[in-house]
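Colleague: Okay, handing you the structure first.
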Amino acid sequence: MSRHVVVTGANRGIGRAIATAFVEAGYTVSSIYRGGELPDGVHGAVADVTDTDAVNAAFDALEAAHGRVGVLVANAGVTRDGLLMRMSDEDFEQVLDVNLTGTFRCVRRAVQSMIREKYGRVVLIGSVVGLLGNAGQVNYSASKSALVGMARSITHELGSRGITANVIAPGFITTAMTEELSADVVSQYEANIPAKRFGSPEEVAAVVTFLASDQAGYISGAVIPVDGGLGMGH
Ligand code: NDP
């Protein structure tokens, strides 16, 4: 069984916390990232997830150095918020290209190795916004809800080969992505979260490492919230 984990975008935010948690749990950890500093103990290959050739080359290099990938955490994601009627094609397509097609590019390459190993864990980082929707995030919510269909299709295609595919749907987590919000908006959001607070990247990472474990081998096609109750019922 391969214990080589690839986390996309481990240079900051939730991806960084996920990669750190895997290092602490004793896995071999790599990241496909665009730049910046990776946490201690994380190997890197530079690629933009919107570039198919670069993604494939990054997997080739990481696997040549550290062995076949057994766990993929597709974490890289962006927002380009704006109201529907004013949203440009470019802002819509860019978010889909990173969050959805970028995830597809990584999963397509990673499962080649998982199929050979007859073992794999695919963890897609979705969002509560993919389930609830959010004003100003037509592009982002569409990209994240599509990951649910992707994980479930992977489960149908590859579930008999020891491969699981799940979506984690974080609520509001304190990272650069949410630090852009004004104090007023943060208090408004907090008022609607049953836990009355934002989550931490480490709280997301703990669920990712569980889904990657042997113990989680019978969980597939699931959407697992880490949202303080914000999205319950969806
Ligand atoms: P950050 O903005 O802090 O980090 C985003 C990461 O994605 C960075 O490492 C960034 O790299 C990387 N990335 C973006 N575009 C690309 C690309 N084209 N190719 C490769 N890497 C790329 O966000 P978070 O840590 O908050 O978010 C991580 C994931 O969690 C995202 O998928 C996000 O949608 C999801 N999420 C976040 C929530 C939150 O409240 N924070 C809530 C729900 C979901 P670079 O540094 O080069 O830009």
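Here, A, B, ... name the chains of the structure tokens in the order displayed, residue numbers run from 1 inside each chain, and ligands are numbered from 1 in the same displayed order.
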List the spatial neighbours of Ile193 (chain A) as a list in words - criterion: any atom at most 9 Å away, only C-alpha atoms, same-chain residues fewer than 2 positions off excluded.

Modeller: Gly171, Phe172, Tyr189, Glu190, Ala191, Ala195, Lys196, Arg197, Phe198, Asp227, Gly228, Gly229, Leu230 and Gly231 of chain A

Colleague: How would the residues just picked look written out with N, CA, C and O atoms as a PDB file, in the first residue's frame?

Modeller:
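Saved to part.pdb:
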```pdb
ATOM      1  N   GLY A 171     -17.238  24.759   6.116  1.00  0.00           N
ATOM      2  CA  GLY A 171     -17.973  26.025   6.219  1.00  0.00           C
ATOM      3  C   GLY A 171     -16.962  27.152   6.182  1.00  0.00           C
ATOM      4  O   GLY A 171     -15.979  27.080   5.452  1.00  0.00           O
ATOM      5  N   PHE A 172     -17.170  28.181   6.976  1.00  0.00           N
ATOM      6  CA  PHE A 172     -16.229  29.296   6.967  1.00  0.00           C
ATOM      7  C   PHE A 172     -15.029  28.956   7.834  1.00  0.00           C
ATOM      8  O   PHE A 172     -15.164  28.660   9.018  1.00  0.00           O
ATOM      9  N   TYR A 189     -22.049  36.387   9.364  1.00  0.00           N
ATOM     10  CA  TYR A 189     -21.891  34.959   9.091  1.00  0.00           C
ATOM     11  C   TYR A 189     -21.870  34.171  10.401  1.00  0.00           C
ATOM     12  O   TYR A 189     -22.513  33.133  10.534  1.00  0.00           O
ATOM     13  N   GLU A 190     -21.116  34.676  11.387  1.00  0.00           N
ATOM     14  CA  GLU A 190     -20.986  33.948  12.661  1.00  0.00           C
ATOM     15  C   GLU A 190     -22.346  33.780  13.332  1.00  0.00           C
ATOM     16  O   GLU A 190     -22.625  32.738  13.935  1.00  0.00           O
ATOM     17  N   ALA A 191     -23.187  34.790  13.206  1.00  0.00           N
ATOM     18  CA  ALA A 191     -24.517  34.720  13.828  1.00  0.00           C
ATOM     19  C   ALA A 191     -25.321  33.554  13.262  1.00  0.00           C
ATOM     20  O   ALA A 191     -26.155  32.958  13.956  1.00  0.00           O
ATOM     21  N   ALA A 195     -22.298  26.928  15.625  1.00  0.00           N
ATOM     22  CA  ALA A 195     -21.130  26.949  16.533  1.00  0.00           C
ATOM     23  C   ALA A 195     -20.709  28.374  16.893  1.00  0.00           C
ATOM     24  O   ALA A 195     -19.875  28.561  17.786  1.00  0.00           O
ATOM     25  N   LYS A 196     -21.268  29.378  16.191  1.00  0.00           N
ATOM     26  CA  LYS A 196     -20.988  30.803  16.454  1.00  0.00           C
ATOM     27  C   LYS A 196     -19.519  31.186  16.295  1.00  0.00           C
ATOM     28  O   LYS A 196     -19.012  32.080  16.970  1.00  0.00           O
ATOM     29  N   ARG A 197     -18.836  30.465  15.427  1.00  0.00           N
ATOM     30  CA  ARG A 197     -17.440  30.829  15.157  1.00  0.00           C
ATOM     31  C   ARG A 197     -17.030  30.240  13.822  1.00  0.00           C
ATOM     32  O   ARG A 197     -17.675  29.312  13.320  1.00  0.00           O
ATOM     33  N   PHE A 198     -15.936  30.781  13.238  1.00  0.00           N
ATOM     34  CA  PHE A 198     -15.336  30.166  12.065  1.00  0.00           C
ATOM     35  C   PHE A 198     -14.528  28.951  12.529  1.00  0.00           C
ATOM     36  O   PHE A 198     -14.125  28.870  13.692  1.00  0.00           O
ATOM     37  N   ASP A 227     -18.387  22.305   9.319  1.00  0.00           N
ATOM     38  CA  ASP A 227     -18.957  23.651   9.145  1.00  0.00           C
ATOM     39  C   ASP A 227     -19.665  24.199  10.387  1.00  0.00           C
ATOM     40  O   ASP A 227     -20.427  25.173  10.279  1.00  0.00           O
ATOM     41  N   GLY A 228     -19.434  23.593  11.547  1.00  0.00           N
ATOM     42  CA  GLY A 228     -20.085  24.103  12.758  1.00  0.00           C
ATOM     43  C   GLY A 228     -21.603  24.057  12.699  1.00  0.00           C
ATOM     44  O   GLY A 228     -22.281  24.752  13.455  1.00  0.00           O
ATOM     45  N   GLY A 229     -22.135  23.239  11.775  1.00  0.00           N
ATOM     46  CA  GLY A 229     -23.588  23.080  11.664  1.00  0.00           C
ATOM     47  C   GLY A 229     -24.242  23.976  10.621  1.00  0.00           C
ATOM     48  O   GLY A 229     -25.448  23.878  10.370  1.00  0.00           O
ATOM     49  N   LEU A 230     -23.442  24.825   9.969  1.00  0.00           N
ATOM     50  CA  LEU A 230     -24.017  25.810   9.034  1.00  0.00           C
ATOM     51  C   LEU A 230     -24.848  25.173   7.915  1.00  0.00           C
ATOM     52  O   LEU A 230     -25.893  25.687   7.541  1.00  0.00           O
ATOM     53  N   GLY A 231     -24.382  24.044   7.378  1.00  0.00           N
ATOM     54  CA  GLY A 231     -25.051  23.471   6.207  1.00  0.00           C
ATOM     55  C   GLY A 231     -25.930  22.284   6.530  1.00  0.00           C
ATOM     56  O   GLY A 231     -26.350  21.555   5.622  1.00  0.00           O
TER      57      GLY A 231
END
```

Colleague: Find the residues of chain A that sit at most 8 Å from ligand 1; for each, write down the nearest two atoms and how far apart they are in Å, to one decimal. Count only C-alpha atoms and all ligand atoms. Sort by chain, then by number going up, and give it as JSON lines.

Modeller:
```
{"residue": "A:Thr8", "atom": "CA", "partner": "ligand 1", "partner_atom_place_in_ligand_line": "21 (N)", "distance": 6.2}
{"residue": "A:Gly9", "atom": "CA", "partner": "ligand 1", "partner_atom_place_in_ligand_line": "9 (O)", "distance": 3.4}
{"residue": "A:Ala10", "atom": "CA", "partner": "ligand 1", "partner_atom_place_in_ligand_line": "9 (O)", "distance": 5.3}
{"residue": "A:Asn11", "atom": "CA", "partner": "ligand 1", "partner_atom_place_in_ligand_line": "9 (O)", "distance": 4.9}
{"residue": "A:Arg12", "atom": "CA", "partner": "ligand 1", "partner_atom_place_in_ligand_line": "9 (O)", "distance": 5.0}
{"residue": "A:Gly13", "atom": "CA", "partner": "ligand 1", "partner_atom_place_in_ligand_line": "25 (O)", "distance": 3.4}
{"residue": "A:Ile14", "atom": "CA", "partner": "ligand 1", "partner_atom_place_in_ligand_line": "25 (O)", "distance": 3.8}
{"residue": "A:Gly15", "atom": "CA", "partner": "ligand 1", "partner_atom_place_in_ligand_line": "25 (O)", "distance": 5.6}
{"residue": "A:Arg16", "atom": "CA", "partner": "ligand 1", "partner_atom_place_in_ligand_line": "25 (O)", "distance": 7.5}
{"residue": "A:Ile32", "atom": "CA", "partner": "ligand 1", "partner_atom_place_in_ligand_line": "20 (C)", "distance": 6.8}
{"residue": "A:Tyr33", "atom": "CA", "partner": "ligand 1", "partner_atom_place_in_ligand_line": "20 (C)", "distance": 4.9}
{"residue": "A:Arg34", "atom": "CA", "partner": "ligand 1", "partner_atom_place_in_ligand_line": "47 (O)", "distance": 4.4}
{"residue": "A:Gly35", "atom": "CA", "partner": "ligand 1", "partner_atom_place_in_ligand_line": "47 (O)", "distance": 5.3}
{"residue": "A:Gly36", "atom": "CA", "partner": "ligand 1", "partner_atom_place_in_ligand_line": "46 (O)", "distance": 6.4}
{"residue": "A:Ala47", "atom": "CA", "partner": "ligand 1", "partner_atom_place_in_ligand_line": "20 (C)", "distance": 6.3}
{"residue": "A:Asp48", "atom": "CA", "partner": "ligand 1", "partner_atom_place_in_ligand_line": "19 (N)", "distance": 3.6}
{"residue": "A:Val49", "atom": "CA", "partner": "ligand 1", "partner_atom_place_in_ligand_line": "19 (N)", "distance": 4.0}
{"residue": "A:Thr50", "atom": "CA", "partner": "ligand 1", "partner_atom_place_in_ligand_line": "18 (N)", "distance": 5.3}
{"residue": "A:Ala74", "atom": "CA", "partner": "ligand 1", "partner_atom_place_in_ligand_line": "32 (O)", "distance": 7.4}
{"residue": "A:Asn75", "atom": "CA", "partner": "ligand 1", "partner_atom_place_in_ligand_line": "32 (O)", "distance": 4.6}
{"residue": "A:Ala76", "atom": "CA", "partner": "ligand 1", "partner_atom_place_in_ligand_line": "7 (O)", "distance": 3.4}
{"residue": "A:Gly77", "atom": "CA", "partner": "ligand 1", "partner_atom_place_in_ligand_line": "32 (O)", "distance": 3.6}
{"residue": "A:Val78", "atom": "CA", "partner": "ligand 1", "partner_atom_place_in_ligand_line": "14 (C)", "distance": 5.3}
{"residue": "A:Thr79", "atom": "CA", "partner": "ligand 1", "partner_atom_place_in_ligand_line": "34 (O)", "distance": 7.1}
{"residue": "A:Asp97", "atom": "CA", "partner": "ligand 1", "partner_atom_place_in_ligand_line": "18 (N)", "distance": 7.9}
{"residue": "A:Val98", "atom": "CA", "partner": "ligand 1", "partner_atom_place_in_ligand_line": "18 (N)", "distance": 5.1}
{"residue": "A:Asn99", "atom": "CA", "partner": "ligand 1", "partner_atom_place_in_ligand_line": "32 (O)", "distance": 6.5}
{"residue": "A:Gly102", "atom": "CA", "partner": "ligand 1", "partner_atom_place_in_ligand_line": "18 (N)", "distance": 7.3}
{"residue": "A:Ile125", "atom": "CA", "partner": "ligand 1", "partner_atom_place_in_ligand_line": "32 (O)", "distance": 5.4}
{"residue": "A:Gly126", "atom": "CA", "partner": "ligand 1", "partner_atom_place_in_ligand_line": "44 (C)", "distance": 5.5}
{"residue": "A:Ser127", "atom": "CA", "partner": "ligand 1", "partner_atom_place_in_ligand_line": "43 (C)", "distance": 4.0}
{"residue": "A:Val128", "atom": "CA", "partner": "ligand 1", "partner_atom_place_in_ligand_line": "43 (C)", "distance": 6.2}
{"residue": "A:Val129", "atom": "CA", "partner": "ligand 1", "partner_atom_place_in_ligand_line": "43 (C)", "distance": 7.2}
{"residue": "A:Tyr140", "atom": "CA", "partner": "ligand 1", "partner_atom_place_in_ligand_line": "34 (O)", "distance": 7.7}
{"residue": "A:Lys144", "atom": "CA", "partner": "ligand 1", "partner_atom_place_in_ligand_line": "34 (O)", "distance": 7.6}
{"residue": "A:Ala169", "atom": "CA", "partner": "ligand 1", "partner_atom_place_in_ligand_line": "43 (C)", "distance": 6.2}
{"residue": "A:Pro170", "atom": "CA", "partner": "ligand 1", "partner_atom_place_in_ligand_line": "43 (C)", "distance": 4.3}
{"residue": "A:Gly171", "atom": "CA", "partner": "ligand 1", "partner_atom_place_in_ligand_line": "42 (C)", "distance": 4.9}
{"residue": "A:Phe172", "atom": "CA", "partner": "ligand 1", "partner_atom_place_in_ligand_line": "40 (O)", "distance": 3.7}
{"residue": "A:Ile173", "atom": "CA", "partner": "ligand 1", "partner_atom_place_in_ligand_line": "40 (O)", "distance": 3.6}
{"residue": "A:Thr174", "atom": "CA", "partner": "ligand 1", "partner_atom_place_in_ligand_line": "41 (N)", "distance": 5.7}
{"residue": "A:Thr175", "atom": "CA", "partner": "ligand 1", "partner_atom_place_in_ligand_line": "26 (O)", "distance": 4.7}
{"residue": "A:Ala176", "atom": "CA", "partner": "ligand 1", "partner_atom_place_in_ligand_line": "3 (O)", "distance": 4.5}
{"residue": "A:Met177", "atom": "CA", "partner": "ligand 1", "partner_atom_place_in_ligand_line": "2 (O)", "distance": 4.5}
{"residue": "A:Thr178", "atom": "CA", "partner": "ligand 1", "partner_atom_place_in_ligand_line": "41 (N)", "distance": 5.3}
{"residue": "A:Phe198", "atom": "CA", "partner": "ligand 1", "partner_atom_place_in_ligand_line": "40 (O)", "distance": 7.9}
{"residue": "A:Gly199", "atom": "CA", "partner": "ligand 1", "partner_atom_place_in_ligand_line": "40 (O)", "distance": 7.9}
{"residue": "A:Pro201", "atom": "CA", "partner": "ligand 1", "partner_atom_place_in_ligand_line": "25 (O)", "distance": 7.4}
```

Colleague: Please identify the helix (DSSP H, G or I) residues within region 10-166 of chain A (assignment by DSSP from backbone atoms) and present them as JSON, numbers by chain.

Modeller: {"A": [13, 14, 15, 16, 17, 18, 19, 20, 21, 22, 23, 24, 52, 53, 54, 55, 56, 57, 58, 59, 60, 61, 62, 63, 64, 65, 66, 84, 85, 86, 89, 90, 91, 92, 93, 94, 95, 96, 97, 98, 99, 100, 101, 102, 103, 104, 105, 106, 107, 108, 109, 110, 111, 112, 113, 114, 115, 116, 117, 129, 130, 131, 132, 138, 139, 140, 141, 142, 143, 144, 145, 146, 147, 148, 149, 150, 151, 152, 153, 154, 155, 156, 157, 158, 159, 160, 161]}

Colleague: Select from region 17-228 of chain A everything DSSP, run on the backbone, classes as strand (DSSP E or B), then give the selection as a ChimeraX atom specification.

Modeller: /A:28-33,42-46,69-74,82,120-125,137,163-170,173,199,223-226

Colleague: For N, CA and C atoms, I'd like the residues from the last selection saved as an mmCIF file, in the first residue's frame.

Modeller:
```cif
data_model
loop_
_atom_site.group_PDB
_atom_site.id
_atom_site.type_symbol
_atom_site.label_atom_id
_atom_site.label_comp_id
_atom_site.auth_asym_id
_atom_site.auth_seq_id
_atom_site.Cartn_x
_atom_site.Cartn_y
_atom_site.Cartn_z
ATOM 1 N N THR A 28 4.384 9.980 3.535
ATOM 2 C CA THR A 28 5.243 10.729 2.615
ATOM 3 C C THR A 28 4.340 11.754 1.950
ATOM 4 N N VAL A 29 4.678 13.026 2.051
ATOM 5 C CA VAL A 29 3.748 14.069 1.608
ATOM 6 C C VAL A 29 4.392 14.946 0.539
ATOM 7 N N SER A 30 3.639 15.159 -0.539
ATOM 8 C CA SER A 30 4.079 16.050 -1.613
ATOM 9 C C SER A 30 2.983 17.052 -1.904
ATOM 10 N N SER A 31 3.390 18.133 -2.556
ATOM 11 C CA SER A 31 2.399 19.115 -2.988
ATOM 12 C C SER A 31 2.669 19.542 -4.412
ATOM 13 N N ILE A 32 1.585 19.723 -5.144
ATOM 14 C CA ILE A 32 1.639 20.403 -6.432
ATOM 15 C C ILE A 32 1.177 21.820 -6.128
ATOM 16 N N TYR A 33 2.049 22.782 -6.364
ATOM 17 C CA TYR A 33 1.780 24.150 -5.914
ATOM 18 C C TYR A 33 2.395 25.134 -6.895
ATOM 19 N N VAL A 42 7.530 18.523 3.468
ATOM 20 C CA VAL A 42 6.639 18.332 2.298
ATOM 21 C C VAL A 42 7.446 18.554 1.015
ATOM 22 N N HIS A 43 7.441 17.536 0.137
ATOM 23 C CA HIS A 43 8.127 17.642 -1.148
ATOM 24 C C HIS A 43 7.254 18.422 -2.114
ATOM 25 N N GLY A 44 7.879 19.069 -3.077
ATOM 26 C CA GLY A 44 7.062 19.895 -3.977
ATOM 27 C C GLY A 44 7.380 19.710 -5.440
ATOM 28 N N ALA A 45 6.359 19.920 -6.273
ATOM 29 C CA ALA A 45 6.549 20.036 -7.719
ATOM 30 C C ALA A 45 5.683 21.218 -8.138
ATOM 31 N N VAL A 46 6.301 22.153 -8.839
ATOM 32 C CA VAL A 46 5.579 23.372 -9.196
ATOM 33 C C VAL A 46 4.723 23.117 -10.436
ATOM 34 N N VAL A 69 1.358 7.467 -6.026
ATOM 35 C CA VAL A 69 0.447 8.227 -5.166
ATOM 36 C C VAL A 69 -0.694 7.321 -4.718
ATOM 37 N N GLY A 70 -0.939 7.305 -3.408
ATOM 38 C CA GLY A 70 -2.064 6.527 -2.874
ATOM 39 C C GLY A 70 -3.208 7.400 -2.400
ATOM 40 N N VAL A 71 -2.882 8.675 -2.113
ATOM 41 C CA VAL A 71 -3.896 9.598 -1.593
ATOM 42 C C VAL A 71 -3.764 10.919 -2.333
ATOM 43 N N LEU A 72 -4.879 11.407 -2.868
ATOM 44 C CA LEU A 72 -4.890 12.746 -3.488
ATOM 45 C C LEU A 72 -5.862 13.625 -2.716
ATOM 46 N N VAL A 73 -5.390 14.785 -2.299
ATOM 47 C CA VAL A 73 -6.273 15.788 -1.708
ATOM 48 C C VAL A 73 -6.294 16.984 -2.662
ATOM 49 N N ALA A 74 -7.411 17.143 -3.373
ATOM 50 C CA ALA A 74 -7.559 18.248 -4.332
ATOM 51 C C ALA A 74 -8.091 19.450 -3.573
ATOM 52 N N GLY A 82 -18.861 37.942 -7.512
ATOM 53 C CA GLY A 82 -19.567 39.031 -8.188
ATOM 54 C C GLY A 82 -21.001 38.607 -8.427
ATOM 55 N N GLY A 120 -6.701 3.379 -3.122
ATOM 56 C CA GLY A 120 -6.603 4.828 -3.307
ATOM 57 C C GLY A 120 -7.624 5.577 -2.483
ATOM 58 N N ARG A 121 -7.263 6.805 -2.185
ATOM 59 C CA ARG A 121 -8.150 7.704 -1.447
ATOM 60 C C ARG A 121 -8.157 9.043 -2.192
ATOM 61 N N VAL A 122 -9.313 9.437 -2.683
ATOM 62 C CA VAL A 122 -9.459 10.731 -3.345
ATOM 63 C C VAL A 122 -10.310 11.612 -2.437
ATOM 64 N N VAL A 123 -9.750 12.716 -2.007
ATOM 65 C CA VAL A 123 -10.482 13.636 -1.126
ATOM 66 C C VAL A 123 -10.562 14.983 -1.848
ATOM 67 N N LEU A 124 -11.789 15.396 -2.132
ATOM 68 C CA LEU A 124 -12.002 16.663 -2.847
ATOM 69 C C LEU A 124 -12.472 17.712 -1.846
ATOM 70 N N ILE A 125 -11.833 18.875 -1.861
ATOM 71 C CA ILE A 125 -12.245 19.932 -0.938
ATOM 72 C C ILE A 125 -13.330 20.769 -1.618
ATOM 73 N N GLN A 137 -21.683 34.278 -5.595
ATOM 74 C CA GLN A 137 -20.752 33.163 -5.814
ATOM 75 C C GLN A 137 -21.328 32.097 -6.752
ATOM 76 N N ILE A 163 -10.650 1.902 -4.229
ATOM 77 C CA ILE A 163 -10.496 3.362 -4.268
ATOM 78 C C ILE A 163 -11.770 4.023 -3.732
ATOM 79 N N THR A 164 -11.607 4.961 -2.809
ATOM 80 C CA THR A 164 -12.749 5.748 -2.344
ATOM 81 C C THR A 164 -12.598 7.186 -2.824
ATOM 82 N N ALA A 165 -13.722 7.880 -2.957
ATOM 83 C CA ALA A 165 -13.704 9.297 -3.361
ATOM 84 C C ALA A 165 -14.784 10.023 -2.572
ATOM 85 N N ASN A 166 -14.384 11.030 -1.848
ATOM 86 C CA ASN A 166 -15.316 11.775 -0.996
ATOM 87 C C ASN A 166 -15.088 13.271 -1.119
ATOM 88 N N VAL A 167 -16.109 14.020 -0.726
ATOM 89 C CA VAL A 167 -16.013 15.485 -0.700
ATOM 90 C C VAL A 167 -16.083 15.938 0.754
ATOM 91 N N ILE A 168 -15.185 16.827 1.119
ATOM 92 C CA ILE A 168 -15.320 17.504 2.413
ATOM 93 C C ILE A 168 -15.884 18.890 2.115
ATOM 94 N N ALA A 169 -16.902 19.262 2.858
ATOM 95 C CA ALA A 169 -17.547 20.559 2.634
ATOM 96 C C ALA A 169 -17.303 21.464 3.851
ATOM 97 N N PRO A 170 -16.178 22.197 3.827
ATOM 98 C CA PRO A 170 -15.941 23.108 4.955
ATOM 99 C C PRO A 170 -16.933 24.267 4.923
ATOM 100 N N ILE A 173 -13.861 28.985 7.215
ATOM 101 C CA ILE A 173 -12.609 28.601 7.868
ATOM 102 C C ILE A 173 -11.675 29.816 7.815
ATOM 103 N N GLY A 199 -14.273 28.039 11.607
ATOM 104 C CA GLY A 199 -13.449 26.875 11.925
ATOM 105 C C GLY A 199 -11.976 27.157 11.654
ATOM 106 N N VAL A 223 -20.470 13.272 1.309
ATOM 107 C CA VAL A 223 -20.150 14.697 1.475
ATOM 108 C C VAL A 223 -20.106 14.933 2.980
ATOM 109 N N ILE A 224 -18.934 15.257 3.475
ATOM 110 C CA ILE A 224 -18.753 15.349 4.920
ATOM 111 C C ILE A 224 -18.565 16.810 5.311
ATOM 112 N N PRO A 225 -19.515 17.352 6.073
ATOM 113 C CA PRO A 225 -19.407 18.768 6.441
ATOM 114 C C PRO A 225 -18.410 18.984 7.580
ATOM 115 N N VAL A 226 -17.704 20.099 7.515
ATOM 116 C CA VAL A 226 -16.864 20.559 8.637
ATOM 117 C C VAL A 226 -17.200 22.042 8.757
#
```

Colleague: Taking into account only C-alpha atoms, which residue in the set A:Val138, A:Met150, A:Val208, A:Val6 is nearest to Gly67 (chain A)?

Modeller: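 Between A:Val138, A:Met150, A:Val208, A:Val6, the residue approaching Gly67 (chain A) most closely is A:Val6.
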
Colleague: Considering only C-alpha atoms, can you say which of A:Ile115, A:Ala183, A:Ala216, A:Met85 comes closest to Gly162 (chain A)?

Modeller: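 For Gly162 (chain A), the nearest of the candidates is A:Ile115.
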
Colleague: So, counting only C-alpha atoms, which residue among A:Arg108, A:Arg80, A:Arg116, A:His156 is closest to Ser143 (chain A)?

Modeller: A:Arg80

Colleague: Considering only C-alpha atoms, can you say which of A:Leu131, A:Gln215, A:Asp81, A:Ala205 comes closest to Gly233 (chain A)?

Modeller: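 Selected residue with least distance to Gly233 (chain A): A:Leu131.
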